[in-house]
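Right, one structure below, let's go through it.
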There are 4 protein chains.
Amino acid sequence: MSQTALVVPLGKREQTKLQNRQAIVEAAREVFGEMGYEAATVRDIIRRTPLSVGAFYNYFRSKDEVVEALAEDGARRFQPILKAQRERARDFESYIRGSIHAYFEFLADGHENWEARRPADEPLPHLRADTPELQAVFEEVLSSFIEVMERGQAPKVDADYLAAASIAVAREVGGVMLRRRPVDVDGAAEFCVKLILGGLPALPRREGD
Amino acid sequence: MSQTALVVPLGKREQTKLQNRQAIVEAAREVFGEMGYEAATVRDIIRRTPLSVGAFYNYFRSKDEVVEALAEDGARRFQPILKAQRERARDFESYIRGSIHAYFEFLADGHENWEARRPADEPLPHLRADTPELQAVFEEVLSSFIEVMERGQAPKVDADYLAAASIAVAREVGGVMLRRRPVDVDGAAEFCVKLILGGLPALPRREGD
Amino acid sequence: MSQTALVVPLGKREQTKLQNRQAIVEAAREVFGEMGYEAATVRDIIRRTPLSVGAFYNYFRSKDEVVEALAEDGARRFQPILKAQRERARDFESYIRGSIHAYFEFLADGHENWEARRPADEPLPHLRADTPELQAVFEEVLSSFIEVMERGQAPKVDADYLAAASIAVAREVGGVMLRRRPVDVDGAAEFCVKLILGGLPALPRREGD
Amino acid sequence: MSQTALVVPLGKREQTKLQNRQAIVEAAREVFGEMGYEAATVRDIIRRTPLSVGAFYNYFRSKDEVVEALAEDGARRFQPILKAQRERARDFESYIRGSIHAYFEFLADGHENWEARRPADEPLPHLRADTPELQAVFEEVLSSFIEVMERGQAPKVDADYLAAASIAVAREVGGVMLRRRPVDVDGAAEFCVKLILGGLPALPRREGD
DNA sequence: AATGAATGAGAATTCATTCAT
DNA sequence: AATGAATGAATTCTCATTCAT
């Protein structure tokens, strides 16, 4: 059952609306990534858009709301990937490997898109990892993680610690990866997977085991 | 010959000054930890202090300057610990173990102090890990890390990735640790050390090895 | 071919913008004239306007910028008058007479406009002569003056002294003129012209003469 | 009958008090001259003094009060000179000449004192002519002027205009004089006197004459 | 819907003045 | 008296949000 079953053909009007909304979301993603949520102003966002301040408030009730949209956007795009990994995975190793790979693809993808539109001579802005969007992705990973553990497909170690550690590793190594040229998704993923899976057997078991 | 030999007794005035400055630094640490640098206002900081807005500017020339002070403070306190670890450590394992332990002590210590003064009925605020203070500590760890690797005491793996990963693990697991009661420094440290050292042998070697 | 051939009809929006900008400039002229630049606050300016503080910053980037605008405004309006005088004048006397007259018209004009809108029962505020606007006008006069002297149309006396003195006389006598009712431009101008031109022959010649 | 007849010997305490007060007045004269009254802060003033902010308020109740003191100081020093000129002068010419000379000496004197203490390599600050001190001196000159005219020693021209003009000339030419090296009091005075006295006969007589 | 000027609460910072020592 | 830290009102400027066109 594909999702497209629900798609209703849109009039030109509705299409433009969706495109505008999406343009704002993309712009916000960039700006928050570069300056952080607090420092970024609504004008900073719409400046990267053919729209006006007023239009912003036609699509979002507040600056906060675009953050939510961003988070939902990230989660929405990442959820199915994670779900697929969970369902397909036979063991923890393949699950971890698949998820991290998927996450890095996600990272690199968003990044490439963004990079492609930048003038090459501008200095590379510092990208922030604590974007609301990434937050949302992390949440997804976390809950997926815990689910897998509870299904007994992973050793009974401290799940919170392990999830936190895995996410952290992926996040930071992902950041380093993005700063290197060329962006090497496979290498970075391999590093993370090896580290986590290699360390796993050494971890202290939980009492209840 | 102890350093205290050089200590000059301070007048009451100087003492109050030092105390006030410290009170502002502490308040800033809290507020930045809870709201982040951008969202925190000078008034937020000063509100947790018996002082007035004006007094803030007697001690710091700007909001930025208190951030620097915070960062320096963190780095200054953590540097000697790291240095000691580097010098004492025979192998990578003891270095990692020592440093992570030290870092968690540092975390827990600052946290306990802060916790002690909070009314118990207030909701536990969300603490941010991207405080300028912690940033500075991370920088210290990173450079220490790289130094150790370059001395050849660690396997020739991708140093940037390993440093990023180790710091990330410590950072996030540390965060989880702080949210648990009681705060279990030893358990958290053990978890991190085991994960990192356990994973290390599995990591892909660098070409030059 | 008149300049109006180039005039493009403005939408209501643009018109209001121009009017608002002008309103701020006028208000600033008044307030600076009454309180001086340093003492006058942006709120003082905006209070004489149907606008809000925020609007001020839509038109001027800073308090300083409105000063510049004021100065430019004054200079822009006075420059062509001076230029015309320079070109038309056969001798120094007619130049001086024309310029001073023009300056007094300028003074009286701005003053009348301003006076007209003041409630008659308010106490007449002390007007300051060191407005940025007048400063700019003085600069114009000074350079015009020097140019005329260098063209040899004036006796070879100490040009700096003479310019300073002439401007000073016009400035101060102009101030007194404005405080009298009715404002007598011709009388004041006559006084200044007679004094300066009468004194001129008595002045010590410069060595190079 | 000399003024010293009134002088009472002062204790060391009273002497220091007077010296401190004087030091503040001098510092204020400088600072106001360089930055203007509004821009100058109390700290700017006492920074040029061996005293503390607190001490300032032992000598003056407010920042305004030091302005008054400055004005009084100027007037007090200049009054006797003017008075002497008025009494000694046979005709308007000698009176004007004497007064302007006295005024320029006054200017140059204060300036020299101040100049002497400046490090020679610092850029020459722009000096403001609208100091409260000079204001006060002007007032003195004005009233002296009017008195002389009313005694019939000057032609019956518009006294306000003439006073304003004379003062203006002296003020501005004085300013130019101070900016030249060497400071040529006699030359500047001669210029002013010649201009004013030369112009005088040409001025329109007052109706009542 | 789109526009972009207007609004005004709120931020950082300054500085005259007070006050404990 | 002298000191200089403390105070807090006032200032400049920003920016999320509203609103007339």
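Every chain in the structure tokens takes a letter, A first, then B, and so on in the order presented; its residues are numbered from 1, and the ligands are numbered from 1 following the presented order.
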
(message) Could you tell me which residues of chain E sit within 9 Å of chain A when counting only C-alpha atoms (C1' of nucleotides), and give me the result as a PyMOL selection string?
(response) chain E and resi 1-4

Where does chain B meet chain A within 9 Å, residue by residue, with the nearest atom pair and distance in Å to one decimal for each, counting only C-alpha atoms, listed by chain and rising number, as CSV?
residue,atom,partner,partner_atom,distance
B:Tyr37,CA,A:Glu38,CA,9.0
B:Glu38,CA,A:Glu38,CA,5.8
B:Ala39,CA,A:Glu38,CA,6.4
B:Asp130,CA,A:Asp130,CA,8.7
B:Asp158,CA,A:Phe191,CA,8.5
B:Asp160,CA,A:Val176,CA,7.5
B:Tyr161,CA,A:Val173,CA,5.6
B:Leu162,CA,A:Val173,CA,8.2
B:Ala164,CA,A:Glu172,CA,5.7
B:Ala165,CA,A:Val169,CA,4.7
B:Ser166,CA,A:Val169,CA,7.5
B:Ile167,CA,A:Val169,CA,8.6
B:Ala168,CA,A:Ala168,CA,5.1
B:Val169,CA,A:Ala165,CA,4.7
B:Ala170,CA,A:Ala165,CA,7.8
B:Arg171,CA,A:Ala168,CA,8.0
B:Glu172,CA,A:Ala164,CA,5.8
B:Val173,CA,A:Tyr161,CA,5.6
B:Gly174,CA,A:Tyr161,CA,9.0
B:Gly175,CA,A:Ala164,CA,8.9
B:Val176,CA,A:Tyr161,CA,7.0
B:Met177,CA,A:Tyr161,CA,8.3
B:Ala188,CA,A:Tyr161,CA,8.0
B:Glu190,CA,A:Pro204,CA,8.1
B:Phe191,CA,A:Leu203,CA,6.2
B:Cys192,CA,A:Ala165,CA,8.1
B:Val193,CA,A:Leu203,CA,8.9
B:Lys194,CA,A:Leu203,CA,5.6
B:Leu195,CA,A:Gly199,CA,4.2
B:Ile196,CA,A:Gly199,CA,6.1
B:Leu197,CA,A:Gly199,CA,6.8
B:Gly198,CA,A:Gly199,CA,4.0
B:Gly199,CA,A:Gly199,CA,3.9
B:Leu200,CA,A:Leu195,CA,6.3
B:Pro201,CA,A:Gly198,CA,7.5
B:Ala202,CA,A:Gly198,CA,5.6
B:Leu203,CA,A:Lys194,CA,5.6
B:Pro204,CA,A:Phe191,CA,6.9

Kindly save the residues from that selection, with N, CA and C atoms included, as a compact mmCIF listing (two decimals), in the first residue's frame.
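Here's the written file again_10.txt:
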# COMPACT_ATOMS: atom_id res chain seq x y z
N TYR B 37 23.08 30.35 25.41
CA TYR B 37 23.69 31.66 25.46
C TYR B 37 22.81 32.76 24.87
N GLU B 38 22.24 32.48 23.71
CA GLU B 38 21.49 33.53 23.03
C GLU B 38 20.23 33.91 23.80
N ALA B 39 19.54 32.90 24.28
CA ALA B 39 18.26 33.18 24.94
C ALA B 39 18.45 33.83 26.31
N ASP B 130 25.78 22.20 25.29
CA ASP B 130 26.62 23.05 24.46
C ASP B 130 26.95 24.39 25.10
N ASP B 158 41.71 6.57 12.62
CA ASP B 158 41.40 7.94 12.23
C ASP B 158 41.26 8.79 13.50
N ASP B 160 40.81 12.01 14.16
CA ASP B 160 39.70 12.97 14.26
C ASP B 160 38.42 12.24 14.61
N TYR B 161 38.17 11.18 13.88
CA TYR B 161 36.95 10.42 14.15
C TYR B 161 36.96 9.88 15.58
N LEU B 162 38.09 9.34 15.98
CA LEU B 162 38.13 8.73 17.31
C LEU B 162 37.95 9.79 18.40
N ALA B 164 36.49 12.70 18.08
CA ALA B 164 35.11 13.17 18.04
C ALA B 164 34.19 12.16 18.71
N ALA B 165 34.40 10.92 18.39
CA ALA B 165 33.52 9.89 18.93
C ALA B 165 33.67 9.79 20.45
N SER B 166 34.90 9.80 20.91
CA SER B 166 35.12 9.61 22.35
C SER B 166 34.51 10.77 23.13
N ILE B 167 34.78 11.95 22.64
CA ILE B 167 34.24 13.12 23.32
C ILE B 167 32.72 13.08 23.29
N ALA B 168 32.19 12.70 22.15
CA ALA B 168 30.74 12.66 22.02
C ALA B 168 30.15 11.68 23.01
N VAL B 169 30.75 10.52 23.08
CA VAL B 169 30.26 9.51 24.01
C VAL B 169 30.28 10.06 25.44
N ALA B 170 31.42 10.62 25.80
CA ALA B 170 31.53 11.12 27.16
C ALA B 170 30.51 12.23 27.40
N ARG B 171 30.35 13.06 26.42
CA ARG B 171 29.44 14.18 26.58
C ARG B 171 28.00 13.69 26.80
N GLU B 172 27.57 12.81 25.93
CA GLU B 172 26.16 12.42 26.00
C GLU B 172 25.88 11.48 27.17
N VAL B 173 26.77 10.53 27.36
CA VAL B 173 26.57 9.64 28.49
C VAL B 173 26.65 10.45 29.78
N GLY B 174 27.54 11.41 29.77
CA GLY B 174 27.62 12.29 30.93
C GLY B 174 26.29 12.99 31.18
N GLY B 175 25.69 13.44 30.10
CA GLY B 175 24.38 14.11 30.24
C GLY B 175 23.34 13.18 30.85
N VAL B 176 23.29 11.96 30.36
CA VAL B 176 22.32 11.00 30.90
C VAL B 176 22.62 10.75 32.39
N MET B 177 23.90 10.60 32.66
CA MET B 177 24.32 10.38 34.04
C MET B 177 23.77 11.45 34.98
N ALA B 188 29.00 5.36 34.95
CA ALA B 188 29.00 6.02 33.65
C ALA B 188 30.39 5.95 33.02
N GLU B 190 32.75 3.84 33.59
CA GLU B 190 33.05 2.46 33.19
C GLU B 190 32.40 2.15 31.84
N PHE B 191 31.16 2.57 31.71
CA PHE B 191 30.46 2.32 30.45
C PHE B 191 31.23 2.92 29.26
N CYS B 192 31.58 4.15 29.39
CA CYS B 192 32.26 4.83 28.28
C CYS B 192 33.60 4.17 27.97
N VAL B 193 34.36 3.93 29.03
CA VAL B 193 35.69 3.36 28.83
C VAL B 193 35.58 2.02 28.13
N LYS B 194 34.68 1.21 28.60
CA LYS B 194 34.52 -0.12 28.01
C LYS B 194 34.13 0.00 26.54
N LEU B 195 33.20 0.87 26.26
CA LEU B 195 32.75 1.01 24.88
C LEU B 195 33.89 1.43 23.97
N ILE B 196 34.59 2.44 24.37
CA ILE B 196 35.64 2.98 23.51
C ILE B 196 36.79 1.99 23.37
N LEU B 197 37.27 1.49 24.50
CA LEU B 197 38.42 0.60 24.43
C LEU B 197 38.05 -0.72 23.78
N GLY B 198 36.82 -1.16 24.06
CA GLY B 198 36.37 -2.40 23.42
C GLY B 198 36.29 -2.25 21.91
N GLY B 199 35.84 -1.10 21.47
CA GLY B 199 35.66 -0.89 20.04
C GLY B 199 36.97 -0.64 19.31
N LEU B 200 37.93 -0.12 20.03
CA LEU B 200 39.18 0.31 19.42
C LEU B 200 39.84 -0.75 18.51
N PRO B 201 40.00 -1.97 18.98
CA PRO B 201 40.71 -2.94 18.14
C PRO B 201 39.99 -3.22 16.84
N ALA B 202 38.69 -3.02 16.83
CA ALA B 202 37.93 -3.35 15.62
C ALA B 202 38.02 -2.26 14.56
N LEU B 203 38.49 -1.10 14.95
CA LEU B 203 38.47 0.03 14.01
C LEU B 203 39.41 -0.19 12.84
N PRO B 204 39.03 0.32 11.69
CA PRO B 204 39.92 0.21 10.51
C PRO B 204 41.21 0.98 10.76

Can you show chain A as a short mmCIF file (atom, residue, chain, number, x, y, z; two decimals) with C-alpha atoms, in the first residue's frame once it has been least-squares superposed onto chain D, using every C-alpha atom paired in order?
data_model
loop_
_atom_site.label_atom_id
_atom_site.label_comp_id
_atom_site.auth_asym_id
_atom_site.auth_seq_id
_atom_site.Cartn_x
_atom_site.Cartn_y
_atom_site.Cartn_z
CA MET A 1 41.20 98.55 48.11
CA SER A 2 42.56 95.21 47.09
CA GLN A 3 40.58 92.00 47.20
CA THR A 4 43.27 90.36 49.23
CA ALA A 5 42.11 92.33 52.21
CA LEU A 6 39.45 89.68 52.58
CA VAL A 7 41.78 86.70 52.37
CA VAL A 8 41.91 84.63 55.50
CA PRO A 9 44.83 82.25 55.97
CA LEU A 10 43.67 78.68 55.32
CA GLY A 11 44.60 75.53 57.19
CA LYS A 12 46.22 72.72 55.23
CA ARG A 13 42.86 70.96 55.16
CA GLU A 14 41.07 73.88 53.57
CA GLN A 15 43.89 74.35 51.11
CA THR A 16 43.71 70.81 49.84
CA LYS A 17 39.98 71.19 49.52
CA LEU A 18 40.35 74.24 47.39
CA GLN A 19 43.03 72.61 45.30
CA ASN A 20 40.91 69.57 44.71
CA ARG A 21 37.96 71.67 43.77
CA GLN A 22 40.09 73.62 41.38
CA ALA A 23 41.53 70.44 39.90
CA ILE A 24 38.02 69.25 39.16
CA VAL A 25 37.07 72.54 37.58
CA GLU A 26 40.15 72.48 35.36
CA ALA A 27 39.54 68.91 34.35
CA ALA A 28 35.94 69.72 33.57
CA ARG A 29 37.01 72.68 31.48
CA GLU A 30 39.19 70.44 29.37
CA VAL A 31 36.74 67.64 29.03
CA PHE A 32 33.78 69.84 28.18
CA GLY A 33 35.96 71.66 25.71
CA GLU A 34 36.86 68.42 24.01
CA MET A 35 33.67 66.40 24.16
CA GLY A 36 30.92 68.83 25.01
CA TYR A 37 28.83 68.84 28.13
CA GLU A 38 26.44 66.03 27.29
CA ALA A 39 29.01 63.58 26.04
CA ALA A 40 31.42 64.13 28.91
CA THR A 41 30.83 61.87 31.88
CA VAL A 42 31.70 62.52 35.48
CA ARG A 43 34.23 59.72 35.19
CA ASP A 44 35.85 61.43 32.22
CA ILE A 45 36.36 64.44 34.42
CA ILE A 46 37.72 62.77 37.52
CA ARG A 47 39.94 60.53 35.42
CA ARG A 48 42.07 63.63 34.79
CA THR A 49 42.32 64.16 38.49
CA PRO A 50 43.94 62.20 41.31
CA LEU A 51 40.47 61.96 42.87
CA SER A 52 37.65 59.45 42.88
CA VAL A 53 34.05 59.65 41.69
CA GLY A 54 32.93 59.84 45.25
CA ALA A 55 35.14 62.85 45.90
CA PHE A 56 33.54 64.65 42.98
CA TYR A 57 30.30 64.71 44.91
CA ASN A 58 32.01 66.12 47.92
CA TYR A 59 32.77 69.23 45.92
CA PHE A 60 29.80 69.47 43.61
CA ARG A 61 26.26 68.36 44.16
CA SER A 62 25.84 67.38 40.52
CA LYS A 63 27.39 67.42 37.10
CA ASP A 64 25.38 70.56 36.42
CA GLU A 65 26.92 72.31 39.35
CA VAL A 66 30.41 72.01 37.97
CA VAL A 67 29.16 73.72 34.85
CA GLU A 68 27.92 76.61 36.93
CA ALA A 69 31.22 76.75 38.74
CA LEU A 70 33.01 76.82 35.42
CA ALA A 71 30.83 79.63 34.19
CA GLU A 72 31.32 81.59 37.37
CA ASP A 73 35.01 80.94 37.20
CA GLY A 74 35.23 82.35 33.69
CA ALA A 75 33.04 85.32 34.46
CA ARG A 76 34.87 86.04 37.69
CA ARG A 77 38.19 86.12 35.94
CA PHE A 78 37.00 88.18 33.00
CA GLN A 79 34.72 90.67 34.71
CA PRO A 80 37.43 92.82 36.28
CA ILE A 81 39.29 93.01 33.00
CA LEU A 82 36.20 94.23 31.17
CA LYS A 83 35.37 96.61 33.96
CA ALA A 84 38.82 98.12 33.80
CA GLN A 85 38.49 98.56 30.06
CA ARG A 86 35.16 100.27 30.46
CA GLU A 87 36.50 102.66 33.02
CA ARG A 88 39.69 103.46 31.29
CA ALA A 89 38.29 103.78 27.78
CA ARG A 90 37.83 107.27 26.36
CA ASP A 91 36.08 106.18 23.22
CA PHE A 92 34.50 103.14 21.73
CA GLU A 93 37.59 102.29 19.74
CA SER A 94 39.86 101.97 22.71
CA TYR A 95 37.19 100.06 24.59
CA ILE A 96 36.69 97.54 21.81
CA ARG A 97 40.37 97.17 21.23
CA GLY A 98 41.06 96.67 24.89
CA SER A 99 38.27 94.19 25.40
CA ILE A 100 39.05 92.06 22.41
CA HIS A 101 42.68 92.01 23.33
CA ALA A 102 41.78 90.98 26.84
CA TYR A 103 39.47 88.29 25.58
CA PHE A 104 42.11 86.86 23.29
CA GLU A 105 44.64 86.86 26.08
CA PHE A 106 42.13 84.99 28.19
CA LEU A 107 41.55 82.47 25.41
CA ALA A 108 45.20 81.97 24.66
CA ASP A 109 46.10 81.74 28.29
CA GLY A 110 43.64 79.01 29.15
CA HIS A 111 44.68 77.28 26.00
CA GLU A 112 48.39 77.45 26.62
CA ASN A 113 47.99 76.05 30.09
CA TRP A 114 46.04 73.24 28.77
CA GLU A 115 48.30 72.68 25.82
CA ALA A 116 51.38 72.63 28.03
CA ARG A 117 50.20 69.54 29.86
CA ARG A 118 49.30 67.57 26.75
CA PRO A 119 51.67 64.96 25.34
CA ALA A 120 52.86 66.47 22.07
CA ASP A 121 52.28 63.35 20.01
CA GLU A 122 48.57 63.09 20.70
CA PRO A 123 46.38 64.43 17.95
CA LEU A 124 45.11 67.90 18.71
CA PRO A 125 41.53 67.43 19.86
CA HIS A 126 38.81 69.51 18.34
CA LEU A 127 37.99 72.27 20.78
CA ARG A 128 34.44 73.37 21.21
CA ALA A 129 33.64 77.03 21.39
CA ASP A 130 30.29 76.58 23.09
CA THR A 131 31.67 75.81 26.51
CA PRO A 132 29.63 77.03 29.48
CA GLU A 133 32.68 78.96 30.52
CA LEU A 134 32.89 80.87 27.26
CA GLN A 135 29.14 81.39 27.36
CA ALA A 136 29.57 83.18 30.62
CA VAL A 137 32.38 85.31 29.27
CA PHE A 138 30.20 86.22 26.32
CA GLU A 139 27.43 87.32 28.62
CA GLU A 140 29.85 89.58 30.39
CA VAL A 141 31.01 91.08 27.16
CA LEU A 142 27.48 91.58 26.00
CA SER A 143 26.34 93.48 29.06
CA SER A 144 29.51 95.51 29.12
CA PHE A 145 28.92 96.34 25.51
CA ILE A 146 25.41 97.50 26.03
CA GLU A 147 26.45 99.60 28.96
CA VAL A 148 29.04 101.40 26.89
CA MET A 149 26.57 102.03 24.14
CA GLU A 150 24.03 103.39 26.53
CA ARG A 151 26.62 105.73 27.93
CA GLY A 152 26.65 107.21 24.47
CA GLN A 153 30.24 106.28 23.79
CA ALA A 154 29.27 104.33 20.71
CA PRO A 155 27.23 105.27 17.68
CA LYS A 156 23.53 104.51 18.04
CA VAL A 157 23.34 101.45 15.92
CA ASP A 158 21.39 98.32 16.64
CA ALA A 159 23.09 97.39 19.91
CA ASP A 160 21.96 93.79 20.01
CA TYR A 161 23.11 93.19 16.49
CA LEU A 162 26.40 94.92 17.06
CA ALA A 163 27.09 93.10 20.29
CA ALA A 164 26.17 89.79 18.74
CA ALA A 165 28.33 90.48 15.74
CA SER A 166 31.32 91.64 17.74
CA ILE A 167 31.21 88.72 20.07
CA ALA A 168 30.75 86.36 17.19
CA VAL A 169 33.71 87.76 15.35
CA ALA A 170 35.89 87.57 18.40
CA ARG A 171 34.74 84.07 19.17
CA GLU A 172 35.33 82.63 15.73
CA VAL A 173 38.48 84.48 14.88
CA GLY A 174 39.69 83.52 18.33
CA GLY A 175 39.02 79.91 17.46
CA VAL A 176 41.01 80.14 14.25
CA MET A 177 43.78 81.89 16.13
CA LEU A 178 44.06 79.04 18.61
CA ARG A 179 44.45 76.53 15.84
CA ARG A 180 47.45 78.33 14.33
CA ARG A 181 51.03 78.01 15.46
CA PRO A 182 52.34 80.21 16.89
CA VAL A 183 49.28 81.67 18.57
CA ASP A 184 49.28 85.29 17.45
CA VAL A 185 47.12 87.26 19.84
CA ASP A 186 48.04 90.65 18.50
CA GLY A 187 47.40 89.82 14.89
CA ALA A 188 44.02 88.27 15.60
CA ALA A 189 42.97 91.14 17.84
CA GLU A 190 44.02 93.67 15.25
CA PHE A 191 41.98 91.92 12.60
CA CYS A 192 38.84 91.95 14.70
CA VAL A 193 39.24 95.48 15.86
CA LYS A 194 39.78 96.76 12.36
CA LEU A 195 36.83 94.89 11.01
CA ILE A 196 34.42 96.04 13.64
CA LEU A 197 35.57 99.61 13.88
CA GLY A 198 35.92 99.93 10.15
CA GLY A 199 32.41 98.68 9.62
CA LEU A 200 30.87 100.73 12.35
CA PRO A 201 30.46 104.02 10.47
CA ALA A 202 28.70 102.27 7.64
CA LEU A 203 26.04 100.73 9.82
CA PRO A 204 22.49 102.01 9.59
CA ARG A 205 21.69 104.39 12.43
CA ARG A 206 18.84 103.63 14.75
CA GLU A 207 15.69 105.64 14.15
CA GLY A 208 15.89 107.41 17.50
CA ASP A 209 19.21 108.99 16.60
#

Using only C-alpha atoms (C1' of nucleotides), select each residue of chain F with any atom at most 12 Å away from an atom of chain C, and give the selection as a CSV table (one decimal) with N, CA and C atoms (P, O5', C5', C4', C3', O3' and C1' of nucleotides), in the first residue's frame.
chain,number,residue,atom,x,y,z
F,10,DA,P,13.8,57.5,34.1
F,10,DA,O5',14.8,57.6,32.8
F,10,DA,C5',16.1,58.2,33.0
F,10,DA,C4',16.9,57.9,31.8
F,10,DA,C3',16.1,58.0,30.5
F,10,DA,O3',17.0,58.6,29.5
F,10,DA,C1',17.2,55.9,30.7
F,11,DT,P,16.4,59.1,28.2
F,11,DT,O5',17.4,58.4,27.2
F,11,DT,C5',18.8,58.5,27.3
F,11,DT,C4',19.4,57.5,26.4
F,11,DT,C3',18.7,57.3,25.1
F,11,DT,O3',19.5,57.7,24.0
F,11,DT,C1',19.2,55.2,26.1
F,12,DT,P,18.9,57.8,22.6
F,12,DT,O5',19.6,56.6,21.8
F,12,DT,C5',21.0,56.4,22.0
F,12,DT,C4',21.3,55.0,21.5
F,12,DT,C3',20.8,54.7,20.1
F,12,DT,O3',21.8,54.0,19.3
F,12,DT,C1',19.9,53.1,21.6
F,13,DC,P,21.6,53.9,17.8
F,13,DC,O5',21.0,52.4,17.7
F,13,DC,C5',21.7,51.3,18.2
F,13,DC,C4',20.8,50.1,18.3
F,13,DC,C3',20.1,49.7,17.0
F,13,DC,O3',20.6,48.5,16.6
F,13,DC,C1',18.6,49.6,18.8
F,14,DT,P,20.0,47.7,15.4
F,14,DT,O5',19.1,46.6,16.0
F,14,DT,C5',19.6,45.8,17.1
F,14,DT,C4',18.6,44.7,17.4
F,14,DT,C3',18.1,43.9,16.1
F,14,DT,O3',18.1,42.6,16.5
F,14,DT,C1',16.3,44.8,17.4
F,15,DC,P,18.0,41.5,15.4
F,15,DC,O5',16.5,41.0,15.6
F,15,DC,C5',16.0,40.9,16.9
F,15,DC,C4',14.5,40.6,16.8
F,15,DC,C3',14.0,40.0,15.5
F,15,DC,O3',13.0,39.1,15.8
F,15,DC,C1',12.9,41.9,15.9
F,20,DA,P,-5.5,48.0,9.9
F,20,DA,O5',-5.3,49.1,8.8
F,20,DA,C5',-4.2,50.0,8.9
F,20,DA,C4',-3.7,50.2,7.5
F,20,DA,C3',-4.7,50.5,6.4
F,20,DA,O3',-4.2,51.5,5.5
F,20,DA,C1',-3.4,48.6,5.8
F,21,DT,P,-5.0,52.1,4.4
F,21,DT,O5',-4.4,51.3,3.1
F,21,DT,C5',-3.1,51.5,2.8
F,21,DT,C4',-2.7,50.6,1.6
F,21,DT,C3',-3.7,50.6,0.5
F,21,DT,O3',-3.0,51.1,-0.7
F,21,DT,C1',-3.1,48.4,1.0

(request) Within 10 Å of DC19 (chain E), counting only C-alpha atoms (C1' of nucleotides), which residues show up once you throw out same-chain ones fewer than 2 positions away? Write them as a list in words, please. (result)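 Near DC19 (chain E), the qualifying residues are Gly54 of chain D; DT17 and DT21 of chain E; DA5, DA6 and DT7 of chain F.
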
(request) Going by DSSP on the backbone, which bits of region 17-175 of chain D are alpha helix (DSSP H)? Write them as a PyMOL selection string, please. (result) chain D and resi 17-35+42-47+53-59+63-88+92-116+132-150+159-175

(request) Would you work out the distance separating C1' of DT17 (chain F) from C1' of DT7 (chain E), expressed in Å to one decimal? (result) 8.6 Å
